[in-house]
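Okay, so here's the structure we're looking at.
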Amino acid sequence: MVPTRCREGKCGLGPPGPARYDAPSEAGLKNQSLSTLLIVGGQWGDEGKGKVVDLLAGGFDAVVRYNGGHNAGHTVRFAERHFALHLVPSGIVHERSRCYMAAGMVVDPTALATEIDHLAEGGVEIGDRLMLSPRTTILLPTHRALDLAREGARGATAIGTTGRGIGPAYQDLAQRRALRADSLRDVERFASAARTIMSDHNDELAAMFSAERVDLDAALAELTTVARRLGPMVGDVGAALLGHRGRGETILFEGAQGVLLDILHGTYPYVTSSSCLPGFAATSCGVSVRLLGPVVGVMKAYVTRVGGGPFPSELTGPEGDQLRERGNEYGTTTGRPRRCGWFDAVAGRYAVQVAGLDAVALMKLDVLDGLDTIRVVTGYELPDGGMLETLPSDLELLARVRPVTMDLPGWSAPTVGVTDEAGLPAAARAYLEFLERCLGVPIVLVSTGPRREETMLRGDSPLTGQLADRIAEGVASP
Ligand code: IMP
């Protein structure tokens with residue numbers, strides 16, 4: 001879609017209006033030590049949450065995953081090795097962290113056992129540091145088969161799922177026929193219930209999609225083996241989290257996917273099947289929303305998305321290819337090339353609003369090094385000339401909008417590895433300030449490379465200092 005240039009000066013979005021929260025946490029944060037923190041994706045996933053959580057996790061006593069399943073992929077580093085984690089919270093590589101998988105997740109037992117094995121091979125001892133809620137939904141091999149069959153049948157309107165079975169597993173949960181992790185504690189009961197559900201799935205695969213049935217005996221042989229291993233990990237996550245707080249310990253909530261993939265507030269139906277918003281962390285863990293703490297939204301300095309669905313700032317030509325190559329934009333979970341585009345301030349501000357972001361962590365600034373001009377989408381123009389300043393719920397409308405863009409000067413000096421704002425080229429600093437004005441919240445952390453050290457904390461927000469304290473504490477602890 002041909003963009004229209006922004007006609008107004010500045011960011012074109014106008015001042016953050018009544019739709020935005022009135023800087024909710026700024027005052028509250030001032031005297032508060034950071035006992036809990038929530039990290040959430042602010043775009044369509046893959047924003048770099050893994051690096052942010054990895055950076056912070058060592059400074060928290062507990063780390064919690066609360067949504068999605070092994071559709072997510074976070075890369076963490078331990079003893080110079082990299083691990084692609086899909087289910088286990090990123091804190092696991094820090095000896096001090098206890099890790100929790102909450103009820104709102106869907107967990108493939110085989111994928112979880114494999115991940116635990118990989119960690120052990122790499123020297124990460126899990127011991128009793130991982131707990132799985134008994135209310136977590138079990139994702140079965142037939143969920144995966146159904147996901148693939150449904151996507152195949154959708155043809156051109158396919159969602160572009162990760163093919164992991166996430167949608168069908170959440171569907172069983174909503175239909176009140178899901179197998180839950182409490183069943184892992186009684187392997188015979190687990191096997192019998194799993195056979196019944198998978199048998200129904202097989203009938204659906206055959207009748208609706210003429211697809212091959214999953215071999216139930218083989219599937220159950222594997223599932224019962226892993227059920228024996230995972231059963232002892234099942235425990236009361238909510239009570240454990242309250243225990244941490246009771247002892248004055250700290251908790252990090254680690255969101256998967258991103259606000260724009262949220263089942264209710266994302267670009268439905270091109271979304272995942274769980275809630276990706278911060279409030280779901282409380283629901284999923286079974287704790288008060290007051291436990292959650294400030295929310296940091298992770299966004300890239302540009303935007304990517306995998307799978308189908310509208311993407312107003314997408315660059316489909318060589319500029320998009322250039323961003324993909326420079327940013328190595330290929331999926332951690334599926335290896336699929338990601339669609340790339342300019343930073344979309346309309347979608348960004350929507351994310352700030354619906355997720356109540358207190359601050360933003362901006363990732364991959366260095367990928368923009370060397371570009372003459374950097375564009376930001378600051379508005380959506382309707383076919384009749386009217387303007388939208390927020391993400392519409394109607395996807396047909398979203399597909400027809402023309403992005404209004406603002407051109408900003410690029411920079412030639414590299415930002416790779418810069419850890420101090422004064423060391424950034426003036427144009428890069430101006431870019432950060434422009435995005436802050438558009439989003440209406442501070443950018444407290446900027447990533448200038450894949451390594452932990454290639455990170456800068458910036459600004460005078462109270463959160464900046466609190467994040468610095470947590471990171472320092474993590475460095476000091478094992
Ligand atoms: P599902 O979650 O596998 O059902 O996929 C639904 C949509 O969410 C697809 O567009 C996926 O590409 C996208 N999605 C799911 N998980 C992730 C993720 O961790 N990062 C980025 N996109 C994701």
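Just so we're on the same page: first chain in the structure tokens is A, next is B, and so on; residues restart at 1 for each chain, and ligands are numbered from 1 in the order they show up.
Near Asn202 of chain A, within 10 Å and counting only C-alpha atoms, sit Thr142, His143, Ala145, Leu146, Thr196, Ile197, Met198, Ala206, Ala207, Met208, Ala211, Glu212, Arg213, Val214, Asp215 and Leu216 of chain A, not including residues fewer than 4 positions from it in the same chain.
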Write the residues of the preceding selection, restricted to N, CA and C atoms, as a short mmCIF file (atom, residue, chain, number, x, y, z; two decimals), in the first residue's frame.
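See part-v8.cif below for the written result:
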```
data_model
loop_
_atom_site.label_atom_id
_atom_site.label_comp_id
_atom_site.auth_asym_id
_atom_site.auth_seq_id
_atom_site.Cartn_x
_atom_site.Cartn_y
_atom_site.Cartn_z
N THR A 142 -2.95 -35.13 18.94
CA THR A 142 -4.09 -34.94 18.02
C THR A 142 -4.48 -33.45 17.90
N HIS A 143 -4.17 -32.64 18.90
CA HIS A 143 -4.39 -31.19 18.76
C HIS A 143 -3.54 -30.65 17.63
N ALA A 145 -2.37 -32.37 15.08
CA ALA A 145 -2.88 -32.86 13.79
C ALA A 145 -4.10 -32.04 13.36
N LEU A 146 -4.96 -31.70 14.33
CA LEU A 146 -6.15 -30.90 14.00
C LEU A 146 -5.77 -29.50 13.55
N THR A 196 -9.57 -41.31 25.26
CA THR A 196 -10.94 -40.91 24.89
C THR A 196 -10.93 -39.62 24.07
N ILE A 197 -10.19 -38.64 24.54
CA ILE A 197 -10.19 -37.34 23.84
C ILE A 197 -9.53 -37.49 22.46
N MET A 198 -8.41 -38.20 22.43
CA MET A 198 -7.69 -38.32 21.14
C MET A 198 -8.49 -39.14 20.14
N ALA A 206 -10.70 -37.64 10.55
CA ALA A 206 -11.11 -38.49 9.43
C ALA A 206 -12.37 -37.93 8.76
N ALA A 207 -13.36 -37.58 9.57
CA ALA A 207 -14.65 -37.18 9.01
C ALA A 207 -14.62 -35.80 8.35
N MET A 208 -13.96 -34.86 9.00
CA MET A 208 -14.02 -33.47 8.51
C MET A 208 -12.92 -33.15 7.50
N ALA A 211 -8.24 -36.69 6.97
CA ALA A 211 -6.82 -36.72 7.36
C ALA A 211 -6.50 -38.05 8.05
N GLU A 212 -5.22 -38.36 8.08
CA GLU A 212 -4.78 -39.60 8.71
C GLU A 212 -5.02 -39.55 10.23
N ARG A 213 -5.45 -40.69 10.77
CA ARG A 213 -5.62 -40.75 12.22
C ARG A 213 -4.26 -40.81 12.91
N VAL A 214 -4.17 -40.24 14.09
CA VAL A 214 -2.94 -40.34 14.87
C VAL A 214 -2.89 -41.74 15.51
N ASP A 215 -1.73 -42.38 15.49
CA ASP A 215 -1.57 -43.71 16.07
C ASP A 215 -1.65 -43.59 17.61
N LEU A 216 -2.79 -43.97 18.16
CA LEU A 216 -3.02 -43.73 19.59
C LEU A 216 -2.11 -44.56 20.49
#
```
What are the closest atom pairs, with distances in Å to one decimal, for all residues of chain A lying within 8 Å of ligand 1? Consider only C-alpha atoms and all ligand atoms, order rows by chain and residue number, and present the result as a tab-separated table.
```
residue	atom	partner	partner_atom_place_in_ligand_line	distance
A:Trp44	CA	ligand 1	21 (C)	5.9
A:Gly45	CA	ligand 1	21 (C)	3.9
A:Asp46	CA	ligand 1	20 (N)	4.6
A:Gly68	CA	ligand 1	2 (O)	7.1
A:Gly69	CA	ligand 1	2 (O)	8.0
A:His70	CA	ligand 1	19 (O)	8.0
A:Asn71	CA	ligand 1	16 (N)	4.4
A:Ala72	CA	ligand 1	19 (O)	3.4
A:Gly73	CA	ligand 1	19 (O)	5.6
A:Asp147	CA	ligand 1	4 (O)	7.8
A:Ile159	CA	ligand 1	10 (O)	5.7
A:Gly160	CA	ligand 1	9 (C)	4.9
A:Thr161	CA	ligand 1	5 (O)	3.3
A:Thr162	CA	ligand 1	3 (O)	3.7
A:Gly163	CA	ligand 1	3 (O)	5.4
A:Arg164	CA	ligand 1	3 (O)	5.7
A:Gly165	CA	ligand 1	3 (O)	6.7
A:Ile166	CA	ligand 1	4 (O)	5.0
A:Gly167	CA	ligand 1	4 (O)	5.0
A:Ala256	CA	ligand 1	19 (O)	6.0
A:Gln257	CA	ligand 1	19 (O)	4.4
A:Gly258	CA	ligand 1	20 (N)	7.4
A:Leu261	CA	ligand 1	8 (O)	6.0
A:Tyr270	CA	ligand 1	10 (O)	5.8
A:Val271	CA	ligand 1	7 (C)	4.7
A:Thr272	CA	ligand 1	6 (C)	3.9
A:Ser273	CA	ligand 1	4 (O)	5.9
A:Ser274	CA	ligand 1	2 (O)	7.8
A:Arg305	CA	ligand 1	22 (N)	6.4
A:Val306	CA	ligand 1	12 (O)	4.3
A:Gly307	CA	ligand 1	10 (O)	3.9
A:Gly308	CA	ligand 1	10 (O)	5.7
A:Gly309	CA	ligand 1	10 (O)	7.4
A:Gly331	CA	ligand 1	21 (C)	7.4
A:Thr333	CA	ligand 1	19 (O)	7.4
```
Check your understanding: Interatomic distance between atom CA of Ala345 of chain A and atom CA of Thr390 of chain A?
Key ->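 Going from atom CA of Ala345 of chain A over to atom CA of Thr390 of chain A covers 9.3 Å.
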Residue nearest Gln353 of chain A among A:Gln322, A:Arg458, A:Arg177, A:His265 (counting only C-alpha atoms):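 Of the candidates, the smallest distance to Gln353 of chain A is held by A:His265.
For the set A:Pro168, A:Gly59, A:Gly231, A:Pro414, the residue with the smallest atom-to-atom gap to Pro109 of chain A is A:Gly231, counting only C-alpha atoms.
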Exercise. If you run DSSP over the backbone, which residues in segment 430-473 of chain A end up strand (DSSP E or B)? Put them as a list of chain:residue names.
Key: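 Matching residues for strand (DSSP E or B) in segment 430-473 of chain A are A:Ile443, A:Val444, A:Leu445, A:Val446, A:Ser447, A:Thr455, A:Met456, A:Leu457.
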